[in-house]
Structures are given as C-alpha cells and as structure tokens.
$ cat run25.txt   # compact mmCIF, C-alpha atoms
# COMPACT_ATOMS: atom_id res chain seq x y z
CA MET A 799 28.54 -105.68 127.72
CA SER A 800 28.19 -107.22 124.30
CA THR A 801 30.64 -106.46 121.52
CA PRO A 802 29.26 -103.76 119.16
CA HIS A 803 27.97 -105.19 115.91
CA ARG A 804 30.09 -104.17 112.92
CA PRO A 805 28.49 -104.59 109.50
CA GLU A 806 30.71 -105.50 106.59
CA GLN A 807 30.33 -102.20 104.77
CA ALA A 808 28.06 -99.19 105.00
CA PRO A 809 26.28 -99.07 101.62
CA GLU A 810 26.75 -95.87 99.72
CA SER A 811 23.57 -93.98 99.04
CA PRO A 812 22.53 -93.07 95.49
CA VAL A 813 21.70 -89.60 96.78
CA TRP A 814 25.20 -88.47 95.89
CA GLN A 815 24.35 -88.66 92.22
CA PRO A 816 21.02 -86.85 92.43
CA THR A 817 18.72 -85.97 89.60
CA ALA A 818 17.92 -82.29 89.65
CA GLY A 819 14.27 -81.69 90.36
CA THR A 820 12.12 -78.90 89.00
CA GLU A 821 11.56 -75.85 91.08
CA GLY A 822 8.47 -74.50 91.39
CA ALA A 823 5.85 -61.72 114.85
CA PRO A 824 2.77 -63.78 114.30
CA SER A 825 0.02 -63.64 116.85
CA GLY A 826 -0.09 -66.49 119.32
CA ALA A 827 3.65 -67.19 119.15
CA THR A 828 6.01 -66.83 122.04
CA ALA A 829 7.71 -63.49 121.69
CA PRO A 830 11.44 -63.56 120.89
CA GLY A 831 13.77 -62.75 123.72
CA ALA A 832 14.28 -63.96 127.25
CA PRO A 833 17.52 -65.75 126.30
CA LEU A 834 18.63 -66.01 129.90
CA THR A 835 15.65 -68.22 130.70
CA ALA A 836 16.64 -70.71 128.02
CA ILE A 837 20.27 -70.64 129.06
CA GLU A 838 19.43 -71.10 132.72
CA ARG A 839 17.26 -74.07 131.83
CA LEU A 840 20.15 -75.65 129.95
CA LYS A 841 22.47 -74.91 132.86
CA GLN A 842 20.21 -76.79 135.21
CA ARG A 843 19.98 -79.77 132.86
CA ALA A 844 23.70 -79.82 132.21
CA THR A 845 24.65 -79.73 135.87
CA ALA A 846 21.83 -81.66 137.53
CA ALA A 847 20.83 -84.06 134.71
CA PRO A 848 17.62 -85.04 136.56
CA ALA A 849 16.00 -88.39 136.05
CA PRO A 850 13.05 -88.42 133.63
CA THR A 851 9.66 -87.72 135.10
CA ALA A 852 6.25 -88.98 134.13
CA GLY A 853 5.18 -85.59 132.83
CA GLY A 854 5.62 -84.15 129.35
CA PRO A 855 8.17 -81.53 128.28
CA SER A 856 8.23 -78.09 129.79
CA GLY A 857 5.74 -75.59 128.47
CA GLY A 858 2.59 -77.54 129.25
CA PHE A 859 2.23 -79.10 125.80
CA ALA A 860 0.78 -82.59 126.20
CA LEU A 861 2.52 -85.30 124.20
CA ALA A 862 2.40 -89.08 124.34
CA PRO A 863 2.77 -90.79 127.73
CA ALA A 864 6.28 -90.67 129.15
CA GLU A 865 8.53 -93.68 129.32
CA PRO A 866 8.01 -95.85 132.40
CA PRO A 867 10.46 -95.07 135.21
CA GLY A 868 13.25 -97.51 135.86
CA PRO A 869 16.96 -97.82 136.55
CA GLN A 870 19.29 -96.33 133.96
CA PRO A 871 22.77 -97.40 135.04
CA LEU A 872 24.52 -96.17 131.90
CA ARG A 873 23.18 -92.65 132.32
CA ILE A 874 23.95 -92.61 136.04
CA LEU A 875 27.52 -93.70 135.36
CA ARG A 876 28.01 -91.19 132.58
CA ASN A 877 26.66 -88.30 134.63
CA ALA A 878 28.86 -89.33 137.57
CA VAL A 879 31.95 -89.39 135.37
CA ALA A 880 31.02 -86.04 133.82
CA GLY A 881 30.66 -84.53 137.28
CA MET A 882 34.27 -85.48 138.10
CA PHE A 883 35.49 -82.79 135.71
CA GLY A 884 33.50 -79.97 137.32
CA PRO A 885 30.35 -78.23 136.08
CA ASP A 886 32.19 -75.50 134.17
CA ARG A 887 33.48 -77.96 131.61
CA ILE A 888 29.92 -79.01 130.90
CA VAL A 889 27.98 -75.80 131.35
CA ARG A 890 30.26 -73.24 129.72
CA PRO A 891 30.43 -74.89 126.25
CA VAL A 892 26.67 -75.41 126.32
CA VAL A 893 25.96 -71.79 127.21
CA GLU A 894 28.39 -70.49 124.59
CA ALA A 895 26.79 -72.70 121.93
CA VAL A 896 23.30 -71.60 122.98
CA VAL A 897 24.26 -67.94 122.63
CA ARG A 898 25.54 -68.64 119.11
CA ALA A 899 22.35 -70.55 118.26
CA GLN A 900 20.34 -67.49 119.35
CA ARG A 901 22.05 -65.38 116.71
CA PRO A 902 19.49 -63.07 115.03
CA LEU A 903 18.38 -64.28 111.60
CA THR A 904 17.53 -61.86 108.80
CA THR A 905 15.16 -64.26 107.03
CA GLY A 906 13.84 -67.74 107.63
CA ARG A 907 16.82 -70.07 107.30
CA ARG A 908 16.61 -73.48 105.62
CA VAL A 909 18.76 -76.21 107.20
CA VAL A 910 18.84 -79.48 105.23
CA LEU A 911 20.00 -82.68 106.95
CA LEU A 912 21.31 -85.38 104.64
CA GLY A 913 22.48 -88.89 105.49
CA ALA A 914 25.84 -90.09 104.17
CA HIS A 915 24.60 -93.67 104.43
CA PRO A 916 21.43 -95.50 105.55
CA GLY A 917 20.94 -95.64 109.30
CA ALA A 918 22.95 -92.48 109.95
CA GLY A 919 20.32 -91.06 112.31
CA VAL A 920 19.12 -88.18 110.12
CA THR A 921 15.53 -88.17 111.37
CA THR A 922 16.47 -88.35 115.04
CA THR A 923 18.99 -85.54 114.60
CA ALA A 924 16.51 -83.40 112.65
CA VAL A 925 13.75 -83.82 115.24
CA THR A 926 16.12 -83.09 118.14
CA MET A 927 17.45 -79.98 116.40
CA THR A 928 13.92 -78.72 115.70
CA LEU A 929 12.76 -79.16 119.30
CA LEU A 930 15.84 -77.50 120.77
CA LEU A 931 15.76 -74.62 118.31
CA ALA A 932 12.13 -73.94 119.23
CA GLN A 933 13.08 -73.87 122.92
CA ILE A 934 16.24 -71.81 122.59
CA ARG A 935 15.26 -69.29 119.91
CA ARG A 936 11.72 -68.74 121.24
CA GLU A 937 10.29 -68.47 117.72
CA ARG A 938 8.35 -70.74 115.41
CA ILE A 939 10.39 -73.55 113.85
CA ALA A 940 9.22 -75.90 111.09
CA LEU A 941 10.26 -79.50 110.41
CA VAL A 942 9.64 -80.99 106.96
CA GLY A 943 10.23 -84.56 105.81
CA ALA A 944 11.23 -85.02 102.18
CA GLY A 945 10.48 -88.75 102.10
CA THR A 946 7.21 -90.52 101.36
CA ASP A 947 7.02 -92.44 104.64
CA PRO A 948 5.72 -90.28 107.51
CA SER A 949 6.25 -92.93 110.21
CA PRO A 950 9.89 -92.08 111.14
CA ILE A 951 9.10 -88.44 111.93
CA ALA A 952 5.76 -89.38 113.51
CA ALA A 953 7.45 -91.89 115.83
CA ARG A 954 10.08 -89.42 116.99
CA THR A 955 7.74 -86.46 117.41
CA GLY A 956 4.75 -88.30 118.88
CA ALA A 957 2.42 -86.44 116.49
CA PRO A 958 0.31 -88.52 114.05
CA PRO A 959 0.68 -86.97 110.57
CA ARG A 960 -2.46 -85.31 109.21
CA TYR A 961 -1.39 -83.57 106.01
CA SER A 962 1.19 -84.22 103.32
CA ALA A 963 3.43 -81.58 101.78
CA GLU A 964 1.22 -81.51 98.67
CA GLN A 965 -1.88 -80.84 100.78
CA VAL A 966 -0.25 -78.01 102.73
CA LEU A 967 1.07 -76.48 99.50
CA ALA A 968 -2.39 -76.70 97.93
CA GLU A 969 -3.87 -74.81 100.89
CA VAL A 970 -1.25 -72.10 100.47
CA GLU A 971 -1.77 -71.77 96.72
CA ALA A 972 -5.54 -71.65 97.17
CA GLY A 973 -5.17 -68.72 99.55
CA ARG A 974 -6.58 -70.58 102.54
CA ALA A 975 -3.29 -70.67 104.47
CA ILE A 976 -1.65 -67.32 103.84
CA GLY A 977 -0.80 -66.05 107.30
CA SER A 978 1.28 -67.84 109.88
CA ASP A 979 -1.70 -68.65 112.08
CA GLN A 980 -3.58 -70.19 109.16
CA LEU A 981 -0.52 -72.10 108.01
CA VAL A 982 0.09 -73.88 111.30
CA GLN A 983 -3.51 -75.08 111.28
CA VAL A 984 -2.67 -77.48 108.44
CA MET A 985 0.52 -78.71 110.12
CA ASP A 986 1.21 -81.04 113.05
CA GLN A 987 2.25 -79.33 116.28
CA ILE A 988 5.06 -81.31 117.89
CA ALA A 989 5.96 -78.88 120.70
CA PRO A 990 5.38 -75.28 121.71
CA ASN A 991 6.57 -73.15 118.76
CA ALA A 992 7.35 -76.23 116.62
CA TRP A 993 5.30 -77.70 113.77
CA SER A 994 5.97 -80.42 111.21
CA VAL A 995 4.94 -81.82 107.84
CA ALA A 996 6.06 -85.45 108.03
CA ALA A 997 6.20 -86.46 104.36
CA GLN A 998 5.04 -85.92 100.82
CA ARG A 999 3.00 -88.37 98.75
CA ASP A 1000 4.72 -88.26 95.35
CA PRO A 1001 8.55 -88.47 95.41
CA GLY A 1002 8.70 -87.11 91.86
CA THR A 1003 7.25 -83.71 92.72
CA PRO A 1004 9.12 -80.72 94.20
CA ALA A 1005 6.45 -80.18 96.87
CA THR A 1006 8.87 -80.15 99.82
CA SER A 1007 11.32 -77.83 98.08
CA ARG A 1008 8.56 -75.36 97.22
CA LEU A 1009 7.07 -75.60 100.69
CA THR A 1010 10.35 -74.73 102.42
CA ARG A 1011 10.49 -71.51 100.42
CA VAL A 1012 6.96 -70.64 101.51
CA PHE A 1013 7.88 -71.28 105.15
CA ALA A 1014 10.65 -68.66 105.01
CA GLY A 1015 8.13 -65.91 105.67
CA SER A 1016 6.37 -67.64 108.58
CA PHE A 1017 9.07 -69.53 110.48
CA GLY A 1018 12.37 -68.43 111.96
CA ALA A 1019 14.02 -71.57 110.57
CA THR A 1020 12.96 -74.65 108.63
CA VAL A 1021 14.69 -77.98 109.26
CA VAL A 1022 14.44 -80.48 106.38
CA ASP A 1023 14.89 -84.22 106.85
CA ALA A 1024 16.17 -85.19 103.40
CA GLY A 1025 16.97 -88.78 104.42
CA SER A 1026 19.67 -90.80 102.67
CA THR A 1027 17.73 -91.88 99.57
CA ALA A 1028 17.73 -89.92 96.33
CA GLN A 1029 14.60 -87.91 95.62
CA GLY A 1030 13.79 -85.95 92.49
CA GLN A 1031 14.04 -82.72 94.45
CA THR A 1032 17.24 -83.49 96.37
CA ALA A 1033 19.32 -81.18 94.20
CA ALA A 1034 16.78 -78.37 94.55
CA LEU A 1035 16.75 -78.75 98.33
CA LEU A 1036 20.54 -78.59 98.54
CA GLU A 1037 20.88 -75.64 96.18
CA SER A 1038 18.32 -73.59 98.12
CA ALA A 1039 19.62 -74.55 101.58
CA HIS A 1040 21.34 -71.95 103.72
CA SER A 1041 23.09 -74.75 105.64
CA VAL A 1042 23.59 -78.44 104.90
CA VAL A 1043 24.25 -80.92 107.71
CA LEU A 1044 25.85 -84.13 106.44
CA VAL A 1045 25.13 -86.88 108.97
CA GLY A 1046 27.11 -90.11 109.36
CA ASP A 1047 28.58 -92.28 112.08
CA GLY A 1048 32.20 -92.14 113.16
CA SER A 1049 33.15 -95.65 112.03
CA ARG A 1050 35.62 -96.27 109.23
CA GLU A 1051 32.77 -97.13 106.86
CA GLY A 1052 30.84 -94.06 107.94
CA MET A 1053 33.78 -91.71 107.48
CA ASN A 1054 34.41 -93.19 104.04
CA ALA A 1055 30.76 -92.64 103.10
CA ILE A 1056 30.98 -89.03 104.28
CA GLU A 1057 34.10 -88.46 102.18
CA VAL A 1058 32.46 -89.96 99.09
CA ALA A 1059 29.29 -87.94 99.72
CA PHE A 1060 31.15 -84.67 100.00
CA SER A 1061 33.12 -85.38 96.84
CA HIS A 1062 29.94 -85.98 94.84
CA LEU A 1063 28.21 -82.93 96.29
CA ALA A 1064 31.18 -80.67 95.56
CA SER A 1065 31.72 -82.01 92.05
CA ALA A 1066 28.03 -81.47 91.25
CA HIS A 1067 28.28 -77.90 92.61
CA LEU A 1068 25.41 -78.57 95.00
CA ILE A 1069 27.19 -77.28 98.09
CA GLN A 1070 30.00 -75.01 99.19
CA PRO A 1071 32.24 -75.95 102.15
CA GLU A 1072 31.28 -72.68 103.87
CA ARG A 1073 27.70 -73.85 104.41
CA LEU A 1074 28.43 -77.48 105.24
CA VAL A 1075 28.43 -79.02 108.72
CA VAL A 1076 29.52 -82.64 109.21
CA CYS A 1077 27.66 -84.32 112.07
CA LEU A 1078 29.29 -87.49 113.41
CA VAL A 1079 26.72 -89.53 115.34
CA GLN A 1080 27.98 -92.23 117.65
CA THR A 1081 26.18 -95.53 117.06
CA ARG A 1082 26.72 -99.03 118.39
CA ARG A 1083 29.18 -99.90 115.66
CA SER A 1084 31.18 -96.71 116.33
CA SER A 1085 30.91 -96.82 120.12
CA ARG A 1086 34.68 -97.21 120.52
CA ILE A 1087 35.51 -94.30 118.22
CA ASP A 1088 36.77 -91.03 119.66
CA LEU A 1089 34.34 -88.58 118.06
CA THR A 1090 36.27 -85.58 119.36
CA TRP A 1091 39.34 -86.72 117.45
CA GLU A 1092 37.33 -87.59 114.33
CA ALA A 1093 35.56 -84.22 114.34
CA GLY A 1094 38.92 -82.51 114.78
CA VAL A 1095 40.25 -84.25 111.67
CA VAL A 1096 37.29 -82.94 109.66
CA ARG A 1097 37.74 -79.41 111.02
CA LYS A 1098 41.39 -79.43 109.95
CA GLN A 1099 40.09 -79.69 106.38
CA GLY A 1100 38.28 -76.39 106.83
CA ILE A 1101 34.82 -77.93 107.34
CA ARG A 1102 32.65 -77.44 110.42
CA SER A 1103 32.14 -80.66 112.34
CA VAL A 1104 30.40 -81.79 115.54
CA GLY A 1105 30.42 -85.19 117.24
CA VAL A 1106 27.19 -86.33 118.92
CA PRO A 1107 27.78 -89.03 121.59
CA TRP A 1108 25.63 -92.12 121.93
CA ASP A 1109 22.57 -91.51 124.08
CA PRO A 1110 20.31 -94.33 125.33
CA HIS A 1111 17.21 -92.17 124.97
CA LEU A 1112 17.86 -91.32 121.31
CA ALA A 1113 18.99 -94.88 120.54
CA GLN A 1114 15.54 -96.24 121.39
CA GLY A 1115 14.07 -94.85 118.18
CA ARG A 1116 11.00 -93.57 119.98
CA GLN A 1117 9.67 -90.10 120.74
CA VAL A 1118 12.43 -87.59 121.37
CA ARG A 1119 12.12 -85.76 124.68
CA THR A 1120 14.74 -83.09 125.12
CA ASN A 1121 14.44 -83.15 128.91
CA PHE A 1122 15.59 -86.80 128.83
CA LEU A 1123 18.84 -86.06 127.01
CA ALA A 1124 22.11 -86.57 128.86
CA ALA A 1125 24.31 -83.52 129.44
CA PRO A 1126 26.98 -84.48 126.83
CA THR A 1127 24.28 -85.07 124.20
CA LEU A 1128 22.62 -81.75 124.99
CA GLY A 1129 25.93 -79.94 124.69
CA ALA A 1130 26.71 -81.62 121.36
CA HIS A 1131 23.33 -80.69 119.87
CA ALA A 1132 23.76 -77.12 121.10
CA ARG A 1133 27.07 -76.94 119.22
CA LEU A 1134 25.45 -78.51 116.15
CA MET A 1135 22.71 -75.86 116.17
CA ALA A 1136 25.30 -73.11 116.60
CA GLU A 1137 27.37 -74.38 113.66
CA ALA A 1138 24.26 -74.68 111.46
CA ILE A 1139 23.13 -71.14 112.32
CA ASP A 1140 26.63 -69.73 111.78
CA SER A 1141 27.05 -71.46 108.41
CA SER A 1142 23.59 -70.37 107.27
CA MET A 1143 24.50 -66.73 107.85
CA THR A 1144 27.91 -66.85 106.15
CA ALA A 1145 27.03 -68.21 102.73
CA GLY A 1146 24.59 -69.66 100.28
CA GLY A 1147 20.90 -70.23 100.03
CA ARG A 1148 18.64 -68.62 97.47
CA LEU A 1149 15.41 -67.02 98.65
$ encode --input "run25.txt" --output "structure tokens"
Amino acid sequence: MSTPHRPEQAPESPVWQPTAGTEGAPSGATAPGAPLTAIERLKQRATAAPAPTAGGPSGGFALAPAEPPGPQPLRILRNAVAGMFGPDRIVRPVVEAVVRAQRPLTTGRRVVLLGAHPGAGVTTTAVTMTLLLAQIRRERIALVGAGTDPSPIAARTGAPPRYSAEQVLAEVEAGRAIGSDQLVQVMDQIAPNAWSVAAQRDPGTPATSRLTRVFAGSFGATVVDAGSTAQGQTAALLESAHSVVLVGDGSREGMNAIEVAFSHLASAHLIQPERLVVCLVQTRRSSRIDLTWEAGVVRKQGIRSVGVPWDPHLAQGRQVRTNFLAAPTLGAHARLMAEAIDSSMTAGGRL
C-alpha cells in the first residue's frame, strides 16, 4: 500500500471573511411514516453489507448504469473486521441515529454544508446526506448548490442539470411553480423523494439564498452545498441556516483550517455553536488519523462532531449510491444526519 500523500499545507479559504450578500403533504410524494421499514433496511445493510449489484438503488428509480462488478478486497477486509465485534456494535448505533434523524420537523429545515478548506468533500457529503434523508424521513428533500459550476453535483447525483437557481426562482416569482408538484417539475430528480438545483449562474446574486427560503414550504429539509469558496450570499446562507455543517479532514492541516474557520464565523456572528456540526472526513492524507479521537476532542469543546471514515465508493468521485456504502460509513452518515437535525431544532435559522 502506498504512503498517503501529504500536501505541505491546506490553503485557507477566503470564505471565512465573507461579504454579506443582499437578501431578497404534497400529492405524489411518499407519505411520511413507516420508520421501521427504513430502519430494517439499514439493519440489513449494516449486518450483511452485500456486494453491489448491477441494478439501481431501491425504489425503482432508474439512474446511470451501475459500476462494473469486480473484487473489492478493502471492503471485504473491513466488513470482516467489523463482523468480529458483533452486529450489535454496528446496528444499534445506526438504528439510534436513524430514529433521531426521523425527528419530526415543524418547518422545512435548512442545512448548510461549508468546507473548511478546498477538497474537504463538501459536495460528496451533501449528496450523501440528501439521499439518505430522503430514504429515512420518507419526505421530499431538496439539494441546492451555491456555486456556479454544476458538474460536481451532477457527477455525484447522476442527474444532468437542467435549470439554474435563477431560472427556478423566476418560475416561482412568475407564479408558474407555486405548488410542490409544479416546483419539482423545474428541478432535477436525483432519487425518489429527492430533487436538486445544481448551481446558479451569477455568483453575485442571492438566488440560492432566496430559493432555500422558498423551499421551506415544499420540502421537509433543504441541504445546501456552499462549497469552500466565498460567494456574495455566503453570509446570508449562514445567517438563515437552521444547522451549519463545517466539513474538513482530520489531518493537522485540516483541523487547523477548521479552527480558523470557526473563529472567523464566530467573530462575524454568522453562527452559534448550538447549531454547528463539525464533520471530519477521512481522506488519503488523513488515513492514519483516529477520527473517533479527533471528533471527541471537538465535542469536549461543546461542539457537535462526527467522523466519517474513508470509503472506496465515495472516494471515486462518481455517482453516490447509498446501497454501495460500507457499514461504518453508513453509520457515520446516520449520526451526521441526526446531529444536523438535532441542532436545527435547538437554535437559529430565520424563516
């Protein structure tokens, strides 16, 4: 196995000194409920961890062709090691996190994911969270990209982008997309109960920020991929968010970037610790870091934190398929969703 590449220093993003931008049960959806079905499905994945099949994800929604079958020694080894500790250690935390993620929401929650440094894995984490929330909560979930390049979200969802945030907002303001059923017609469906708007055209407009407010009445939750580059509306997105997930890797450079990011966000009064979740993503350069220990250090400071282990499927940078995720990765994302839902209900976020 080759030695993980370690860059000299993770560059700090200018997003931590943002410029405040200006602010400007539907029919056809799967009915809420049936939580045991979702939990049982996660139980089966956590215990069996079946090999990927040639078909698409459950639910009958046709996506891009599946990855070609082949040996996956790393996954086989990891699942074998996980099985040595008994299924309860894998299943019980997943089920408990799923129950927390199914917590009833009073209004559509806005969860903003922000990268502490470039290459933190914000888009992959946002797409995975959206797909799992749609499966677990059994309600419509929206994914919105705040950047101008739609290709990252398109590559990880398998859905070619059709409309920009400005176009969707124009349809809403013109009265042509008022109801939920009309609104999803001008969005890209990425899975059953999940739709996306991959990007906006003009980075200087608050289109994404305004659109997330509109979505509050049509979607159970809206996940925003804010990237790691400053946008004119970054401050508006953070101020209106019910939960902010700060994403970075567990390396020394990544932890330093997270600390600097939090300091800037707190000093600018853009976020309160009560609605912040730190997500530590394991990458190649942090493959030897104990994420459990790192996340524990963050939690001792009174901030929610979750460590997401390295997963060969997510590391490929291609379409995310939740049924291909390894059991530890699935459990980590379940905890991340639970922390985001909990923090969104305890503080912050203007309607």
$ closest_atom_pairs --input "run25.txt" --of "segment 905-924 of chain A" --to "segment 1017-1035 of chain A" --cutoff "7 Å" --atoms "all atoms listed in the file" --output "CSV"
residue,atom,partner,partner_atom,distance
A:Gly906,CA,A:Gly1018,CA,4.6
A:Arg907,CA,A:Ala1019,CA,4.6
A:Arg908,CA,A:Thr1020,CA,4.9
A:Val909,CA,A:Val1021,CA,4.9
A:Val910,CA,A:Val1022,CA,4.7
A:Leu911,CA,A:Asp1023,CA,5.3
A:Leu912,CA,A:Ala1024,CA,5.3
A:Gly913,CA,A:Ser1026,CA,4.4
A:Ala914,CA,A:Ser1026,CA,6.4
A:His915,CA,A:Ser1026,CA,6.0
A:Pro916,CA,A:Ser1026,CA,5.8
A:Val920,CA,A:Gly1025,CA,6.1
A:Thr921,CA,A:Asp1023,CA,6.0
A:Ala924,CA,A:Asp1023,CA,6.1
$ atom_distance --input "run25.txt" --atom1 "atom CA of Val1045 of chain A" --atom2 "atom CA of Pro959 of chain A"
24.5 Å
$ closest_residue --input "run25.txt" --among "A:Ala996, A:Val1079, A:Ala940, A:Leu1068" --to "Arg1011 of chain A" --atoms "all atoms listed in the file"
A:Ala940
$ residues_around --input "run25.txt" --residues "Met1053 of chain A" --least-positions-apart "5" --cutoff "9 Å" --atoms "only C-alpha atoms" --output "PyMOL selection string"
chain A and resi 914+1046-1048+1058+1078+1092
$ atom_distance --input "run25.txt" --atom1 "atom CA of Asn991 of chain A" --atom2 "atom CA of Trp1108 of chain A"
27.1 Å
$ closest_residue --input "run25.txt" --among "A:Pro1110, A:Pro950, A:Pro958, A:Gly1052" --to "Val1076 of chain A" --atoms "only C-alpha atoms"
A:Gly1052
$ closest_residue --input "run25.txt" --among "A:Ser1065, A:Thr928, A:Gln1080, A:Thr1010" --to "Trp993 of chain A" --atoms "only C-alpha atoms"
A:Thr928
$ closest_residue --input "run25.txt" --among "A:Ala1014, A:Ala972, A:Ala918, A:Val995" --to "Leu1044 of chain A" --atoms "all atoms listed in the file"
A:Ala918
$ build_atoms --input "run25.txt" --residues "segment 946-956 of chain A" --atoms "all heavy atoms" --output "compact mmCIF listing (two decimals), keeping the file's coordinate frame"
# COMPACT_ATOMS: atom_id res chain seq x y z
N THR A 946 8.62 -90.18 101.53
CA THR A 946 7.21 -90.52 101.36
C THR A 946 6.64 -91.29 102.54
O THR A 946 5.43 -91.52 102.59
CB THR A 946 7.02 -91.36 100.08
OG1 THR A 946 7.85 -92.53 100.17
CG2 THR A 946 7.43 -90.56 98.85
N ASP A 947 7.48 -91.70 103.47
CA ASP A 947 7.02 -92.44 104.64
C ASP A 947 6.98 -91.51 105.85
O ASP A 947 8.03 -91.07 106.32
CB ASP A 947 7.95 -93.62 104.92
CG ASP A 947 7.48 -94.47 106.10
OD1 ASP A 947 6.35 -94.26 106.58
OD2 ASP A 947 8.25 -95.35 106.53
N PRO A 948 5.79 -91.20 106.37
CA PRO A 948 5.72 -90.28 107.51
C PRO A 948 6.01 -90.92 108.86
O PRO A 948 6.15 -90.22 109.86
CB PRO A 948 4.26 -89.80 107.47
CG PRO A 948 3.52 -90.96 106.89
CD PRO A 948 4.46 -91.61 105.90
N SER A 949 6.12 -92.25 108.92
CA SER A 949 6.25 -92.93 110.21
C SER A 949 7.52 -92.59 110.97
O SER A 949 7.47 -92.48 112.21
CB SER A 949 6.13 -94.45 110.02
OG SER A 949 7.12 -94.93 109.13
N PRO A 950 8.70 -92.42 110.34
CA PRO A 950 9.89 -92.08 111.14
C PRO A 950 9.74 -90.77 111.91
O PRO A 950 10.05 -90.71 113.10
CB PRO A 950 11.01 -92.01 110.10
CG PRO A 950 10.56 -92.90 108.99
CD PRO A 950 9.08 -92.71 108.94
N ILE A 951 9.28 -89.72 111.24
CA ILE A 951 9.10 -88.44 111.93
C ILE A 951 7.97 -88.54 112.93
O ILE A 951 8.06 -88.01 114.06
CB ILE A 951 8.84 -87.32 110.92
CG1 ILE A 951 10.13 -87.00 110.15
CG2 ILE A 951 8.32 -86.06 111.61
CD1 ILE A 951 10.01 -85.87 109.17
N ALA A 952 6.89 -89.24 112.59
CA ALA A 952 5.76 -89.38 113.51
C ALA A 952 6.18 -90.10 114.79
O ALA A 952 5.77 -89.74 115.89
CB ALA A 952 4.62 -90.13 112.83
N ALA A 953 7.03 -91.14 114.65
CA ALA A 953 7.45 -91.89 115.83
C ALA A 953 8.34 -91.06 116.74
O ALA A 953 8.30 -91.22 117.97
CB ALA A 953 8.20 -93.16 115.38
N ARG A 954 9.14 -90.18 116.18
CA ARG A 954 10.08 -89.42 116.99
C ARG A 954 9.52 -88.09 117.48
O ARG A 954 10.13 -87.43 118.31
CB ARG A 954 11.37 -89.20 116.20
CG ARG A 954 12.20 -90.47 116.10
CD ARG A 954 13.19 -90.44 114.96
NE ARG A 954 13.96 -91.68 114.89
CZ ARG A 954 13.51 -92.80 114.35
NH1 ARG A 954 12.26 -92.85 113.86
NH2 ARG A 954 14.26 -93.89 114.30
N THR A 955 8.38 -87.67 116.92
CA THR A 955 7.74 -86.46 117.41
C THR A 955 6.51 -86.75 118.27
O THR A 955 6.06 -85.89 119.02
CB THR A 955 7.31 -85.56 116.24
OG1 THR A 955 6.38 -86.27 115.40
CG2 THR A 955 8.51 -85.13 115.42
N GLY A 956 5.95 -87.96 118.14
CA GLY A 956 4.75 -88.30 118.88
C GLY A 956 3.50 -87.66 118.32
O GLY A 956 2.46 -87.65 118.99
